[in-house]
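Visitor: Structure below; questions to follow.
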Amino acid sequence: MVIWSAPAKADLRSIHDFIAADSRHYARKVVQDLIDKTDILDRLPRVGRVVPELGDDNIRELLPFSYRVIYEIKSEVVVVLAVVHKRRELQPEILGR
């Protein structure tokens, strides 16, 4: 099961709002595509690469578009922790650490 954390949902809202300033249609499409990219995690949780800054085998990322979808593997569930633009420096507080 893939669960989106509250901070990750907030990240999606921020991405939507930023893109919607230019195109509401494209904003909805990008957010939906980001969500759809995580569907595979239910079957293949280790498909993403280990987050280089953390080096923790259970914290991984998918790299759709210009974003990093960062998630944590926890026994039977995968928790999406954050969606961060690739140009943004990854800070521990972004992941609630």
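Just remember, in the structure tokens the first chain shown is A, the second B, etc., residues are 1-based per chain, and ligands are 1-based in the order shown.
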Excluding Leu41 in chain A and any residue of its chain fewer than 2 positions from it, enumerate the residues within 10 Å of it, using only C-alpha atoms, and give them as a PyMOL selection string.

Guide: chain A and resi 1-2+37-39+43-48+62+71+73+77-80

Visitor: Counting only C-alpha atoms, figure out which residue out of A:His16, A:Ser75, A:Glu89, A:Pro7 gets nearest to Gln32 in chain A.

Guide: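 For Gln32 in chain A, the nearest of the candidates is A:His16.
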
Visitor: Pick from A:Arg49, A:Lys9, A:Arg28, A:Lys86: nearest to Arg68 in chain A, with only C-alpha atoms counted?

Guide: A:Lys86

Visitor: Please return, as a list in words, all residues of chain A that DSSP assigns to strand (DSSP E or B) on the basis of the backbone.

Guide: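 Of chain A, the ones in strand (DSSP E or B) are Val2, Ile3, Trp4, Arg49, Val50, Ile59, Arg60, Glu61, Leu62, Tyr67, Arg68, Val69, Ile70, Tyr71, Glu72, Ile73, Lys74, Val77, Val78, Val79, Val80, Leu81, Ala82, Val83, Val84 and His85 of chain A.
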
Visitor: Separation of CA of Asp36 in chain A and CA of Val84 in chain A, in Å?

Guide: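 We find that CA of Asp36 in chain A and CA of Val84 in chain A lie 16.3 Å from each other.
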
Visitor: Report, in Å to a single decimal, how far apart CA of Lys74 in chain A and CA of Ile40 in chain A are.

Guide: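 CA of Lys74 in chain A lies at a distance of 15.6 Å from CA of Ile40 in chain A.
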
Visitor: Would you pick out the contacts of Leu34 in chain A at 9 Å or less, using only C-alpha atoms, so that residues sharing its chain but fewer than 6 positions from it are not included, and give the list as a list in words?

Guide: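 My reading of the contact set: Leu12, Pro64, Phe65, Tyr67, Val69 and Val83 of chain A.
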
Visitor: Would you save the residues of that selection, restricted to N, CA and C atoms, as a short mmCIF file (atom, residue, chain, number, x, y, z; two decimals), in the first residue's frame?

Guide:
```
data_model
loop_
_atom_site.label_atom_id
_atom_site.label_comp_id
_atom_site.auth_asym_id
_atom_site.auth_seq_id
_atom_site.Cartn_x
_atom_site.Cartn_y
_atom_site.Cartn_z
N LEU A 12 2.42 18.50 -3.19
CA LEU A 12 1.64 18.40 -4.42
C LEU A 12 0.76 19.64 -4.62
N PRO A 64 10.52 11.51 -11.58
CA PRO A 64 9.72 11.93 -12.73
C PRO A 64 9.85 13.44 -12.98
N PHE A 65 9.88 13.79 -14.25
CA PHE A 65 9.94 15.19 -14.66
C PHE A 65 11.11 15.89 -13.97
N TYR A 67 11.19 16.50 -10.71
CA TYR A 67 10.93 16.30 -9.29
C TYR A 67 11.57 15.03 -8.75
N VAL A 69 10.46 12.29 -6.01
CA VAL A 69 9.40 11.77 -5.14
C VAL A 69 10.11 10.85 -4.15
N VAL A 83 7.79 15.59 -2.11
CA VAL A 83 8.01 15.79 -3.53
C VAL A 83 8.78 17.09 -3.65
#
```

Visitor: Calculated over only C-alpha atoms, which of the candidates A:Pro52, A:Asp17, A:Ile70, A:Ser23 has the smallest distance to Ala82 in chain A?

Guide: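 Checking each of A:Pro52, A:Asp17, A:Ile70, A:Ser23 against Ala82 in chain A, counting only C-alpha atoms, the winner is A:Ile70.
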
Visitor: Let me make sure I understand: among A:Leu81, A:Ile35, A:Arg13, A:Tyr26, which one has the smallest atom-to-atom distance to Glu61 in chain A if we use only C-alpha atoms?

Guide: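 For Glu61 in chain A, the nearest of the given residues is A:Leu81.
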
Visitor: I'd like to know which residues of range 5-96 of chain A are helix (DSSP H, G or I) (by DSSP, run on the backbone); could you write them as a ChimeraX atom specification?

Guide: /A:6-20,24-42,92-95

Visitor: Generate the output file for the selected residues, C-alpha atoms, as a PDB file, in the first residue's frame.

Guide:
```
ATOM      1  CA  ALA A   6       0.580  15.192   4.934  1.00  0.00           C
ATOM      2  CA  PRO A   7       3.805  17.043   3.962  1.00  0.00           C
ATOM      3  CA  ALA A   8       3.925  15.200   0.606  1.00  0.00           C
ATOM      4  CA  LYS A   9       0.291  16.153  -0.078  1.00  0.00           C
ATOM      5  CA  ALA A  10       1.172  19.752   0.767  1.00  0.00           C
ATOM      6  CA  ASP A  11       4.073  19.530  -1.703  1.00  0.00           C
ATOM      7  CA  LEU A  12       1.639  18.401  -4.423  1.00  0.00           C
ATOM      8  CA  ARG A  13      -0.685  21.328  -3.639  1.00  0.00           C
ATOM      9  CA  SER A  14       2.231  23.759  -3.868  1.00  0.00           C
ATOM     10  CA  ILE A  15       3.350  22.284  -7.190  1.00  0.00           C
ATOM     11  CA  HIS A  16      -0.213  22.502  -8.496  1.00  0.00           C
ATOM     12  CA  ASP A  17      -0.638  26.107  -7.398  1.00  0.00           C
ATOM     13  CA  PHE A  18       2.676  27.166  -8.907  1.00  0.00           C
ATOM     14  CA  ILE A  19       1.968  25.574 -12.299  1.00  0.00           C
ATOM     15  CA  ALA A  20      -1.701  26.657 -12.267  1.00  0.00           C
ATOM     16  CA  ARG A  24      -4.683  24.897 -14.676  1.00  0.00           C
ATOM     17  CA  HIS A  25      -4.878  22.013 -17.134  1.00  0.00           C
ATOM     18  CA  TYR A  26      -1.134  21.345 -17.044  1.00  0.00           C
ATOM     19  CA  ALA A  27      -1.086  21.724 -13.238  1.00  0.00           C
ATOM     20  CA  ARG A  28      -3.709  18.972 -12.840  1.00  0.00           C
ATOM     21  CA  LYS A  29      -1.885  16.764 -15.337  1.00  0.00           C
ATOM     22  CA  VAL A  30       1.519  17.102 -13.651  1.00  0.00           C
ATOM     23  CA  VAL A  31       0.117  16.374 -10.184  1.00  0.00           C
ATOM     24  CA  GLN A  32      -1.861  13.376 -11.442  1.00  0.00           C
ATOM     25  CA  ASP A  33       1.189  12.051 -13.288  1.00  0.00           C
ATOM     26  CA  LEU A  34       3.289  12.364 -10.116  1.00  0.00           C
ATOM     27  CA  ILE A  35       0.688  10.384  -8.188  1.00  0.00           C
ATOM     28  CA  ASP A  36       0.417   7.784 -10.959  1.00  0.00           C
ATOM     29  CA  LYS A  37       4.206   7.269 -10.980  1.00  0.00           C
ATOM     30  CA  THR A  38       3.996   6.012  -7.384  1.00  0.00           C
ATOM     31  CA  ASP A  39       1.499   3.242  -8.219  1.00  0.00           C
ATOM     32  CA  ILE A  40       4.363   0.866  -9.026  1.00  0.00           C
ATOM     33  CA  LEU A  41       5.680   1.162  -5.455  1.00  0.00           C
ATOM     34  CA  ASP A  42       2.908  -1.100  -4.197  1.00  0.00           C
ATOM     35  CA  PRO A  92      16.602  16.852   6.587  1.00  0.00           C
ATOM     36  CA  GLU A  93      13.632  18.926   7.795  1.00  0.00           C
ATOM     37  CA  ILE A  94      11.969  18.416   4.409  1.00  0.00           C
ATOM     38  CA  LEU A  95      11.706  14.756   5.319  1.00  0.00           C
TER      39      LEU A  95
END
```

Visitor: Would you work out the distance separating CA of Glu53 in chain A from CA of Leu90 in chain A, expressed in Å to one decimal?

Guide: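 These two atoms are separated by 7.7 Å.
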